[in-house]
$ cat start-v6.txt   # compact mmCIF, C-alpha atoms
# COMPACT_ATOMS: atom_id res chain seq x y z
CA MET A 900 -73.28 20.23 -73.41
CA THR A 901 -70.39 20.16 -70.98
CA PRO A 902 -70.42 22.44 -67.98
CA VAL A 903 -67.30 24.59 -67.87
CA LEU A 904 -66.84 26.44 -64.57
CA GLY A 905 -70.49 25.87 -63.85
CA VAL A 906 -71.59 27.45 -67.15
CA GLU A 907 -73.12 25.21 -69.81
CA ARG A 908 -71.58 25.88 -73.23
CA GLU A 909 -71.98 24.29 -76.64
CA PRO A 910 -68.74 22.71 -77.90
CA MET A 911 -67.25 24.88 -80.68
CA LYS A 912 -66.96 23.36 -84.15
CA THR A 913 -66.19 25.49 -87.18
CA ILE A 914 -64.73 28.98 -87.22
CA SER A 915 -67.97 30.64 -88.24
CA GLU A 916 -69.83 28.70 -85.58
CA ALA A 917 -67.20 29.61 -83.05
CA ARG A 918 -67.51 33.28 -83.97
CA GLU A 919 -71.24 33.11 -83.60
CA THR A 920 -70.94 31.43 -80.21
CA LEU A 921 -68.46 34.06 -79.09
CA LEU A 922 -70.77 36.89 -80.12
CA THR A 923 -73.91 35.35 -78.69
CA THR A 924 -72.31 34.47 -75.37
CA PHE A 925 -70.96 38.00 -75.23
CA SER A 926 -74.33 39.61 -75.88
CA ASP A 927 -76.13 37.08 -73.68
CA ASP A 928 -73.80 37.72 -70.78
CA TRP A 929 -73.95 41.46 -71.26
CA GLY A 930 -77.73 41.54 -71.36
CA SER A 931 -78.50 38.76 -68.90
CA ASP A 932 -79.58 41.03 -66.06
CA ILE A 933 -77.04 39.57 -63.65
CA ALA A 934 -76.10 41.60 -60.59
CA ALA A 935 -72.31 41.36 -60.52
CA LEU A 936 -72.10 43.11 -57.16
CA LYS A 937 -74.44 41.54 -54.62
CA GLY A 938 -77.39 43.72 -53.72
CA VAL A 939 -76.48 46.23 -56.43
CA PRO A 940 -78.71 46.21 -59.53
CA TRP A 941 -76.54 45.71 -62.63
CA GLY A 942 -77.76 48.98 -64.15
CA LYS A 943 -76.51 50.88 -61.15
CA ALA A 944 -73.17 49.06 -61.18
CA MET A 945 -72.76 49.93 -64.87
CA MET A 946 -73.56 53.57 -64.20
CA TRP A 947 -70.90 53.64 -61.48
CA VAL A 948 -68.35 52.10 -63.87
CA PHE A 949 -69.22 54.72 -66.46
CA LEU A 950 -68.91 57.52 -63.91
CA LEU A 951 -65.54 56.11 -62.87
CA SER A 952 -64.30 56.38 -66.46
CA ASP A 953 -65.70 59.90 -66.63
CA THR A 954 -63.80 60.71 -63.45
CA PHE A 955 -60.60 59.77 -65.25
CA ILE A 956 -61.45 62.05 -68.18
CA PHE A 957 -62.13 65.04 -65.95
CA THR A 958 -59.03 64.28 -63.91
CA CYS A 959 -56.99 64.39 -67.13
CA PHE A 960 -58.44 67.83 -67.87
CA LEU A 961 -57.79 69.13 -64.38
CA VAL A 962 -54.28 67.67 -64.14
CA GLY A 963 -53.53 69.15 -67.58
CA TYR A 964 -54.77 72.49 -66.28
CA MET A 965 -52.56 72.16 -63.21
CA SER A 966 -49.55 71.38 -65.41
CA VAL A 967 -49.93 74.38 -67.71
CA ARG A 968 -50.69 76.73 -64.84
CA MET A 969 -47.66 75.56 -62.87
CA SER A 970 -45.27 75.59 -65.79
CA THR A 971 -46.17 78.90 -67.47
CA VAL A 972 -43.84 81.82 -66.81
CA GLU A 973 -46.51 84.41 -67.62
CA PRO A 974 -48.90 85.44 -64.85
CA TRP A 975 -52.12 83.45 -64.73
CA PRO A 976 -55.24 85.64 -65.22
CA ASN A 977 -57.06 86.31 -61.94
CA PRO A 978 -60.39 84.44 -62.28
CA SER A 979 -62.16 86.57 -59.68
CA GLU A 980 -61.50 89.62 -61.89
CA VAL A 981 -62.08 87.88 -65.23
CA PHE A 982 -65.45 86.47 -64.10
CA ALA A 983 -66.59 89.53 -62.14
CA LEU A 984 -69.96 91.04 -62.95
CA HIS A 985 -71.07 94.61 -62.47
CA ALA A 986 -74.02 94.56 -60.08
CA PHE A 987 -75.39 96.64 -57.19
CA GLY A 988 -73.25 99.55 -58.39
CA ALA A 989 -70.02 97.63 -57.84
CA SER A 990 -67.94 94.89 -59.43
CA VAL A 991 -68.85 91.62 -57.68
CA PRO A 992 -66.25 88.86 -58.18
CA LEU A 993 -67.46 85.52 -59.58
CA LEU A 994 -71.12 86.58 -59.22
CA LEU A 995 -72.48 84.55 -62.13
CA ILE A 996 -70.34 81.54 -61.23
CA ALA A 997 -71.66 81.62 -57.66
CA ILE A 998 -75.26 81.74 -58.92
CA MET A 999 -74.52 78.84 -61.29
CA THR A 1000 -73.13 76.86 -58.35
CA PHE A 1001 -76.29 77.39 -56.32
CA VAL A 1002 -78.51 76.50 -59.29
CA LEU A 1003 -76.65 73.22 -59.78
CA ILE A 1004 -76.78 72.36 -56.06
CA SER A 1005 -80.52 73.06 -56.05
CA SER A 1006 -80.93 70.72 -59.00
CA SER A 1007 -79.02 68.02 -57.11
CA GLY A 1008 -81.43 68.46 -54.21
CA THR A 1009 -84.54 68.13 -56.39
CA MET A 1010 -82.98 65.06 -58.02
CA ALA A 1011 -82.41 63.42 -54.62
CA MET A 1012 -86.08 64.11 -53.82
CA ALA A 1013 -87.12 62.56 -57.14
CA VAL A 1014 -85.22 59.36 -56.28
CA ASN A 1015 -86.98 59.23 -52.93
CA MET A 1016 -90.41 59.76 -54.52
CA GLY A 1017 -89.63 57.06 -57.09
CA TYR A 1018 -88.94 54.45 -54.42
CA GLN A 1019 -92.19 55.48 -52.72
CA ARG A 1020 -93.88 54.77 -56.09
CA ARG A 1021 -95.21 58.34 -56.26
CA LYS A 1022 -94.82 58.63 -60.03
CA GLU A 1023 -96.38 62.05 -60.41
CA ALA A 1024 -94.12 63.66 -57.79
CA ALA A 1025 -91.03 61.90 -59.14
CA THR A 1026 -91.73 63.03 -62.71
CA ASN A 1027 -92.33 66.62 -61.65
CA LEU A 1028 -89.15 66.73 -59.57
CA ILE A 1029 -87.14 65.33 -62.48
CA LEU A 1030 -88.61 68.03 -64.72
CA VAL A 1031 -87.64 70.72 -62.20
CA THR A 1032 -84.12 69.24 -62.13
CA ALA A 1033 -83.95 69.39 -65.92
CA LEU A 1034 -85.18 72.99 -65.89
CA LEU A 1035 -82.47 73.99 -63.39
CA GLY A 1036 -79.90 72.18 -65.53
CA ALA A 1037 -81.04 74.05 -68.61
CA THR A 1038 -80.79 77.30 -66.63
CA PHE A 1039 -77.21 76.43 -65.76
CA VAL A 1040 -76.33 75.80 -69.42
CA GLY A 1041 -78.05 79.08 -70.36
CA MET A 1042 -75.94 81.04 -67.89
CA GLN A 1043 -72.84 79.26 -69.14
CA ALA A 1044 -73.72 80.27 -72.70
CA PHE A 1045 -74.00 83.87 -71.46
CA GLU A 1046 -70.60 83.60 -69.78
CA TRP A 1047 -68.98 82.11 -72.89
CA SER A 1048 -70.42 84.74 -75.24
CA LYS A 1049 -69.33 87.51 -72.87
CA LEU A 1050 -65.78 86.17 -72.77
CA ILE A 1051 -65.55 85.43 -76.50
CA LEU A 1052 -67.30 88.47 -77.93
CA ASP A 1053 -66.65 91.22 -75.37
CA GLU A 1054 -63.28 90.23 -73.91
CA GLY A 1055 -61.76 88.48 -76.93
CA VAL A 1056 -60.74 85.30 -75.08
CA ARG A 1057 -59.58 82.56 -77.47
CA PRO A 1058 -58.12 79.09 -76.86
CA TRP A 1059 -54.73 80.44 -77.94
CA THR A 1060 -54.80 83.99 -76.54
CA ASN A 1061 -56.52 86.33 -74.10
CA PRO A 1062 -56.00 89.92 -72.93
CA PHE A 1063 -55.38 88.98 -69.27
CA GLY A 1064 -52.18 86.91 -69.18
CA ALA A 1065 -51.01 83.36 -69.85
CA PRO A 1066 -52.49 82.21 -73.18
CA GLN A 1067 -53.18 78.70 -71.82
CA PHE A 1068 -55.99 80.21 -69.74
CA GLY A 1069 -58.37 80.24 -72.72
CA ALA A 1070 -57.60 76.66 -73.75
CA VAL A 1071 -58.19 75.37 -70.22
CA PHE A 1072 -61.34 77.43 -69.75
CA PHE A 1073 -63.00 76.28 -72.97
CA MET A 1074 -62.01 72.64 -72.60
CA VAL A 1075 -62.93 72.19 -68.94
CA THR A 1076 -66.14 74.23 -68.77
CA GLY A 1077 -67.12 73.15 -72.29
CA PHE A 1078 -66.81 69.47 -71.48
CA HIS A 1079 -68.73 69.98 -68.26
CA GLY A 1080 -71.43 71.98 -70.05
CA LEU A 1081 -71.73 69.15 -72.56
CA HIS A 1082 -72.33 66.75 -69.67
CA VAL A 1083 -75.03 69.01 -68.23
CA SER A 1084 -76.73 69.33 -71.64
CA ALA A 1085 -76.65 65.56 -72.16
CA GLY A 1086 -77.96 65.16 -68.61
CA VAL A 1087 -80.94 67.42 -69.34
CA ILE A 1088 -81.84 65.27 -72.36
CA TYR A 1089 -81.37 62.12 -70.25
CA LEU A 1090 -83.64 63.49 -67.50
CA LEU A 1091 -86.35 64.50 -69.96
CA THR A 1092 -86.23 61.04 -71.56
CA ILE A 1093 -86.60 59.28 -68.21
CA ALA A 1094 -89.39 61.63 -67.07
CA PHE A 1095 -91.27 60.93 -70.31
CA ARG A 1096 -90.81 57.18 -69.94
CA ILE A 1097 -92.00 57.18 -66.30
CA ARG A 1098 -95.12 59.08 -67.31
CA ARG A 1099 -95.71 56.56 -70.11
CA GLY A 1100 -95.62 53.73 -67.57
CA LYS A 1101 -92.48 52.01 -68.84
CA TYR A 1102 -91.13 51.39 -65.32
CA ASP A 1103 -94.41 50.49 -63.58
CA GLU A 1104 -93.26 46.87 -63.19
CA SER A 1105 -89.99 47.84 -61.54
CA ASN A 1106 -89.24 49.55 -58.24
CA PHE A 1107 -88.08 52.74 -60.03
CA GLU A 1108 -84.39 52.18 -59.44
CA ILE A 1109 -83.99 53.87 -62.85
CA VAL A 1110 -84.55 57.19 -61.07
CA GLU A 1111 -81.66 56.45 -58.75
CA ILE A 1112 -79.41 55.49 -61.69
CA THR A 1113 -80.31 58.71 -63.50
CA GLY A 1114 -79.73 60.56 -60.24
CA LEU A 1115 -76.21 59.13 -59.98
CA TYR A 1116 -75.31 60.71 -63.32
CA TRP A 1117 -76.85 64.03 -62.36
CA HIS A 1118 -75.12 64.18 -58.96
CA PHE A 1119 -71.85 63.35 -60.70
CA VAL A 1120 -72.25 66.39 -62.96
CA ASP A 1121 -72.74 68.49 -59.82
CA LEU A 1122 -69.73 66.79 -58.24
CA VAL A 1123 -67.48 67.69 -61.17
CA TRP A 1124 -68.62 71.30 -60.90
CA VAL A 1125 -67.52 71.33 -57.23
CA PHE A 1126 -63.98 70.53 -58.38
CA ILE A 1127 -64.04 72.98 -61.31
CA PHE A 1128 -65.37 75.75 -59.08
CA ALA A 1129 -62.68 75.19 -56.45
CA LEU A 1130 -59.68 74.49 -58.65
CA PHE A 1131 -60.35 76.71 -61.67
CA TYR A 1132 -62.49 79.64 -60.48
CA LEU A 1133 -61.31 80.06 -56.89
CA TRP A 1134 -57.67 78.93 -56.95
CA MET B 218 -88.75 42.70 -64.58
CA THR B 219 -90.10 41.76 -61.19
CA ILE B 220 -90.47 44.01 -58.18
CA LYS B 221 -87.40 43.54 -56.03
CA GLU B 222 -86.78 44.60 -52.45
CA PRO B 223 -86.92 48.39 -52.07
CA GLY B 224 -83.70 50.15 -53.06
CA GLN B 225 -82.03 53.10 -51.39
CA GLN B 226 -84.83 54.48 -49.23
CA HIS B 227 -84.02 57.02 -46.56
CA PRO B 228 -85.93 59.69 -44.68
CA ILE B 229 -86.43 62.90 -46.64
CA ARG B 230 -85.10 64.80 -43.63
CA VAL B 231 -81.58 63.45 -44.34
CA TYR B 232 -81.64 64.88 -47.87
CA LEU B 233 -82.97 68.25 -46.71
CA ILE B 234 -80.24 68.56 -44.07
CA VAL B 235 -77.51 67.72 -46.58
CA TRP B 236 -79.05 70.09 -49.11
CA GLY B 237 -78.90 72.88 -46.55
CA LEU B 238 -75.33 71.97 -45.62
CA LEU B 239 -74.32 72.07 -49.30
CA PHE B 240 -75.74 75.59 -49.59
CA LEU B 241 -73.86 76.64 -46.46
CA VAL B 242 -70.54 75.12 -47.56
CA SER B 243 -70.95 76.62 -51.05
CA ALA B 244 -71.41 80.05 -49.50
CA LEU B 245 -68.29 79.50 -47.37
CA SER B 246 -66.46 78.27 -50.44
CA TYR B 247 -67.42 81.42 -52.35
CA SER B 248 -66.26 83.58 -49.46
CA THR B 249 -62.70 82.24 -49.82
CA ASP B 250 -62.48 84.45 -52.91
CA PHE B 251 -62.15 87.44 -50.58
CA ILE B 252 -59.04 86.01 -48.89
CA ASP B 253 -55.64 86.83 -50.40
CA ARG B 254 -53.94 84.06 -52.34
CA GLY B 255 -51.78 82.03 -49.97
CA LEU B 256 -51.74 78.99 -47.77
CA TRP B 257 -54.91 79.96 -45.90
CA ARG B 258 -56.99 80.44 -49.02
CA TRP B 259 -55.77 77.25 -50.67
CA THR B 260 -56.36 75.18 -47.53
CA LEU B 261 -59.91 76.50 -47.14
CA ILE B 262 -60.69 75.99 -50.86
CA LEU B 263 -59.59 72.35 -50.63
CA LEU B 264 -61.36 71.82 -47.31
CA PHE B 265 -64.72 73.09 -48.59
CA MET B 266 -64.26 71.24 -51.89
CA VAL B 267 -63.70 67.91 -50.11
CA LEU B 268 -66.63 68.58 -47.74
CA LYS B 269 -69.03 69.29 -50.61
CA ALA B 270 -67.82 66.32 -52.66
CA GLY B 271 -68.14 64.13 -49.57
CA PHE B 272 -71.74 65.19 -48.90
CA ILE B 273 -72.77 64.62 -52.51
CA VAL B 274 -71.12 61.20 -52.84
CA ALA B 275 -72.00 59.90 -49.37
CA VAL B 276 -75.64 60.97 -49.16
CA PHE B 277 -77.00 62.07 -52.55
CA MET B 278 -75.26 59.20 -54.35
CA HIS B 279 -76.01 56.86 -51.39
CA MET B 280 -72.43 55.71 -51.06
CA ARG B 281 -72.52 55.45 -47.27
CA TRP B 282 -75.32 52.89 -47.51
CA GLU B 283 -73.69 50.80 -50.25
CA ARG B 284 -71.82 47.55 -49.72
CA PHE B 285 -68.11 47.84 -49.09
CA VAL B 286 -67.19 46.13 -52.38
CA LEU B 287 -68.92 48.87 -54.43
CA ILE B 288 -67.36 51.60 -52.30
CA SER B 289 -63.92 50.09 -52.98
CA VAL B 290 -64.55 49.70 -56.70
CA VAL B 291 -65.58 53.34 -57.04
CA LEU B 292 -63.32 55.15 -54.58
CA THR B 293 -59.96 53.36 -54.92
CA PRO B 294 -59.09 54.36 -58.53
CA PRO B 295 -59.66 58.12 -58.01
CA VAL B 296 -57.41 58.01 -54.95
CA LEU B 297 -54.68 56.41 -57.09
CA LEU B 298 -55.00 59.38 -59.47
CA LEU B 299 -53.26 61.43 -56.78
CA VAL B 300 -50.06 59.68 -57.91
CA LEU B 301 -50.57 61.26 -61.35
CA VAL B 302 -51.08 64.64 -59.69
CA GLY B 303 -47.81 64.19 -57.79
CA LEU B 304 -45.87 63.16 -60.89
CA MET B 305 -47.20 66.07 -62.93
CA THR B 306 -46.31 68.49 -60.14
CA ILE B 307 -42.66 67.42 -60.41
CA GLU B 308 -42.84 67.54 -64.21
CA SER B 309 -44.40 71.03 -64.31
CA ASP B 310 -41.86 72.41 -61.85
CA TYR B 311 -39.09 71.08 -64.06
CA THR B 312 -40.68 72.51 -67.25
CA ARG B 313 -41.00 75.89 -65.59
CA SER B 314 -37.40 75.91 -64.43
CA THR B 315 -36.08 75.03 -67.92
CA ARG B 316 -38.27 77.73 -69.48
CA ILE B 317 -36.85 80.32 -67.13
CA GLU B 318 -33.32 79.09 -67.72
CA HIS B 319 -33.62 79.26 -71.52
CA PHE B 320 -36.13 82.03 -72.19
CA GLY B 321 -35.37 84.55 -69.48
CA GLU B 322 -36.62 85.45 -66.05
CA ALA B 323 -40.12 85.12 -64.73
CA VAL B 324 -42.45 87.96 -63.90
CA HIS B 325 -43.00 86.86 -60.31
CA ASP B 326 -39.75 85.96 -58.64
CA GLU B 327 -41.31 84.62 -55.46
CA ALA B 328 -43.31 82.13 -57.55
CA LEU B 329 -40.16 80.37 -58.76
CA PRO B 330 -39.25 76.90 -57.55
CA VAL B 331 -36.54 77.01 -54.91
CA SER B 332 -33.99 75.32 -57.19
CA VAL B 333 -34.31 78.10 -59.79
CA ARG B 334 -34.05 80.88 -57.22
CA GLU B 335 -30.78 79.40 -56.06
CA ILE B 336 -29.43 79.36 -59.63
CA ALA B 337 -30.50 82.95 -60.18
CA ASN B 338 -28.73 84.16 -57.06

$ encode --input "start-v6.txt" --output "structure tokens"
Amino acid sequence: MTPVLGVEREPMKTISEARETLLTTFSDDWGSDIAALKGVPWGKAMMWVFLLSDTFIFTCFLVGYMSVRMSTVEPWPNPSEVFALHAFGASVPLLLIAIMTFVLISSSGTMAMAVNMGYQRRKEAATNLILVTALLGATFVGMQAFEWSKLILDEGVRPWTNPFGAPQFGAVFFMVTGFHGLHVSAGVIYLLTIAFRIRRGKYDESNFEIVEITGLYWHFVDLVWVFIFALFYLW
Amino acid sequence: MTIKEPGQQHPIRVYLIVWGLLFLVSALSYSTDFIDRGLWRWTLILLFMVLKAGFIVAVFMHMRWERFVLISVVLTPPVLLLVLVGLMTIESDYTRSTRIEHFGEAVHDEALPVSVREIAN
């Protein structure tokens, strides 16, 4: 073995051997539990890289939305009227959306608490807080399903047309909120999986940084909603 | 796996304060819906949006306690995306002006880009 750049590698011989070496070094490096960023567990670094790529996807959606809204010559539907709900004997603008915002912020808070409990090795409290977070997430998706069915069935909003104005409104609405809702749904499954695994004792040997990694994903979902709420619903 | 040094551990009080602040800023953010569309409304929407995003990333996602290299890795690329936003603003303005030129006038005259208003007059 000859050390190359401080790494010991077998000399490559035949093509099939070379291919095998390539694949095994790849998988070995990928799974070798090395912290690439000092003081940052590799799992956390990977989650950040994933969230960064997700940021680019959501930015594409939001920039696409900006482009169609700026370039259309038809008036853009007024979201505060489209998403108004009749309550307290009056039409309250964006009522459901506001409630959804508070539900998601609450879930971010319980998630932050869960991370804290995890590092204190209070498994029971951490698991329960993760379950509360998942429940709030599921509530959010439920309210979104209500909003979607109201818009599709009662108002007749479609990706290609709607009764309020510029037809692009429907396409943007379904793509942006749909993709976000998908993230929340996946997050609920993720949270339930982690809660189940903590209860089963899978992470007892670690310092429960898994809760923080899961929390990063969940806070990101809340973060995206902040931008959707401001740029799509309020603008 | 071995037990490493404790990770991101901070007093619960910090989280509770930020949680409360997020509720407050969300309420303020919602209240902008009662302001007429214009510079004021758009400024406040963006201000509250950035505040909320900042609280979530800095405290809930522990970014303010991370090492500078991770902060750079995560925050630099999204900032560069503002270039894309700028480019698409120019592009959309142009698309809109050609649409008006070829398919007739817009419903809201005051919403037209300056260049098109000059052509129309």

$ closest_residue --input "start-v6.txt" --among "A:Gly1017, A:Pro1066, A:Pro1058, A:Gly1077" --to "Asp1103 (chain A)" --atoms "all atoms listed in the file"
A:Gly1017

$ atom_distance --input "start-v6.txt" --atom1 "CA of Val948 (chain A)" --atom2 "CA of Trp929 (chain A)"
14.1 Å

$ closest_atom_pairs --input "start-v6.txt" --of "region 922-999 of chain A" --to "region 230-245 of chain B" --cutoff "12 Å" --atoms "only C-alpha atoms" --output "tab-separated table"
residue	atom	partner	partner_atom	distance
A:Leu994	CA	B:Ala244	CA	11.7
A:Ile996	CA	B:Ser243	CA	11.3
A:Ala997	CA	B:Ala244	CA	8.3
A:Ile998	CA	B:Ala244	CA	10.3
A:Met999	CA	B:Ser243	CA	11.1

$ residues_near_point --input "start-v6.txt" --point "(-55.1, 87.6, -55.4)" --cutoff "7 Å" --atoms "only C-alpha atoms" --output "list in words"
Asn977 of chain A; Asp253 and Arg254 of chain B

$ residues_near_point --input "start-v6.txt" --point "(-85.4, 70.2, -64.3)" --cutoff "9 Å" --atoms "only C-alpha atoms" --output "PyMOL selection string"
chain A and resi 1006+1009-1010+1027-1038+1087+1090-1091

$ closest_residue --input "start-v6.txt" --among "B:Leu261, B:Thr315, B:Asp250, B:Leu304" --to "chain A" --atoms "only C-alpha atoms"
B:Asp250

$ residues_around --input "start-v6.txt" --residues "region 270-287 of chain B" --least-positions-apart "4" --cutoff "9 Å" --atoms "only C-alpha atoms" --output "NGL selection string"
(:A and (936-939 or 944 or 947 or 1007-1008 or 1010-1011 or 1111 or 1114-1115 or 1118-1119 or 1121-1123 or 1125-1126)) or (:B and (225 or 231-232 or 235-236 or 238-239 or 265-266 or 291-292))

$ decode --input "start-v6.txt" --residues "region 1014-1025 of chain A" --atoms "N, CA and C atoms" --output "tab-separated table (two decimals), in the first residue's frame"
chain	number	residue	atom	x	y	z
A	1014	VAL	N	-35.53	19.03	21.28
A	1014	VAL	CA	-34.07	18.98	21.10
A	1014	VAL	C	-33.38	19.19	22.44
A	1015	ASN	N	-33.87	20.18	23.18
A	1015	ASN	CA	-33.29	20.48	24.49
A	1015	ASN	C	-33.41	19.29	25.44
A	1016	MET	N	-34.59	18.68	25.48
A	1016	MET	CA	-34.82	17.51	26.34
A	1016	MET	C	-33.91	16.35	25.92
A	1017	GLY	N	-33.73	16.20	24.60
A	1017	GLY	CA	-32.87	15.13	24.10
A	1017	GLY	C	-31.46	15.25	24.63
A	1018	TYR	N	-30.90	16.48	24.56
A	1018	TYR	CA	-29.53	16.68	25.03
A	1018	TYR	C	-29.44	16.53	26.54
A	1019	GLN	N	-30.57	16.71	27.24
A	1019	GLN	CA	-30.56	16.46	28.69
A	1019	GLN	C	-30.79	14.98	28.99
A	1020	ARG	N	-30.90	14.17	27.93
A	1020	ARG	CA	-31.13	12.72	28.04
A	1020	ARG	C	-32.46	12.40	28.72
A	1021	ARG	N	-33.43	13.32	28.60
A	1021	ARG	CA	-34.76	13.01	29.14
A	1021	ARG	C	-35.60	12.45	27.99
A	1022	LYS	N	-35.45	11.15	27.78
A	1022	LYS	CA	-36.05	10.48	26.61
A	1022	LYS	C	-37.56	10.63	26.55
A	1023	GLU	N	-38.19	10.40	27.71
A	1023	GLU	CA	-39.64	10.42	27.77
A	1023	GLU	C	-40.18	11.78	27.30
A	1024	ALA	N	-39.60	12.85	27.88
A	1024	ALA	CA	-40.05	14.21	27.54
A	1024	ALA	C	-39.78	14.51	26.07
A	1025	ALA	N	-38.60	14.10	25.59
A	1025	ALA	CA	-38.25	14.36	24.19
A	1025	ALA	C	-39.24	13.67	23.25
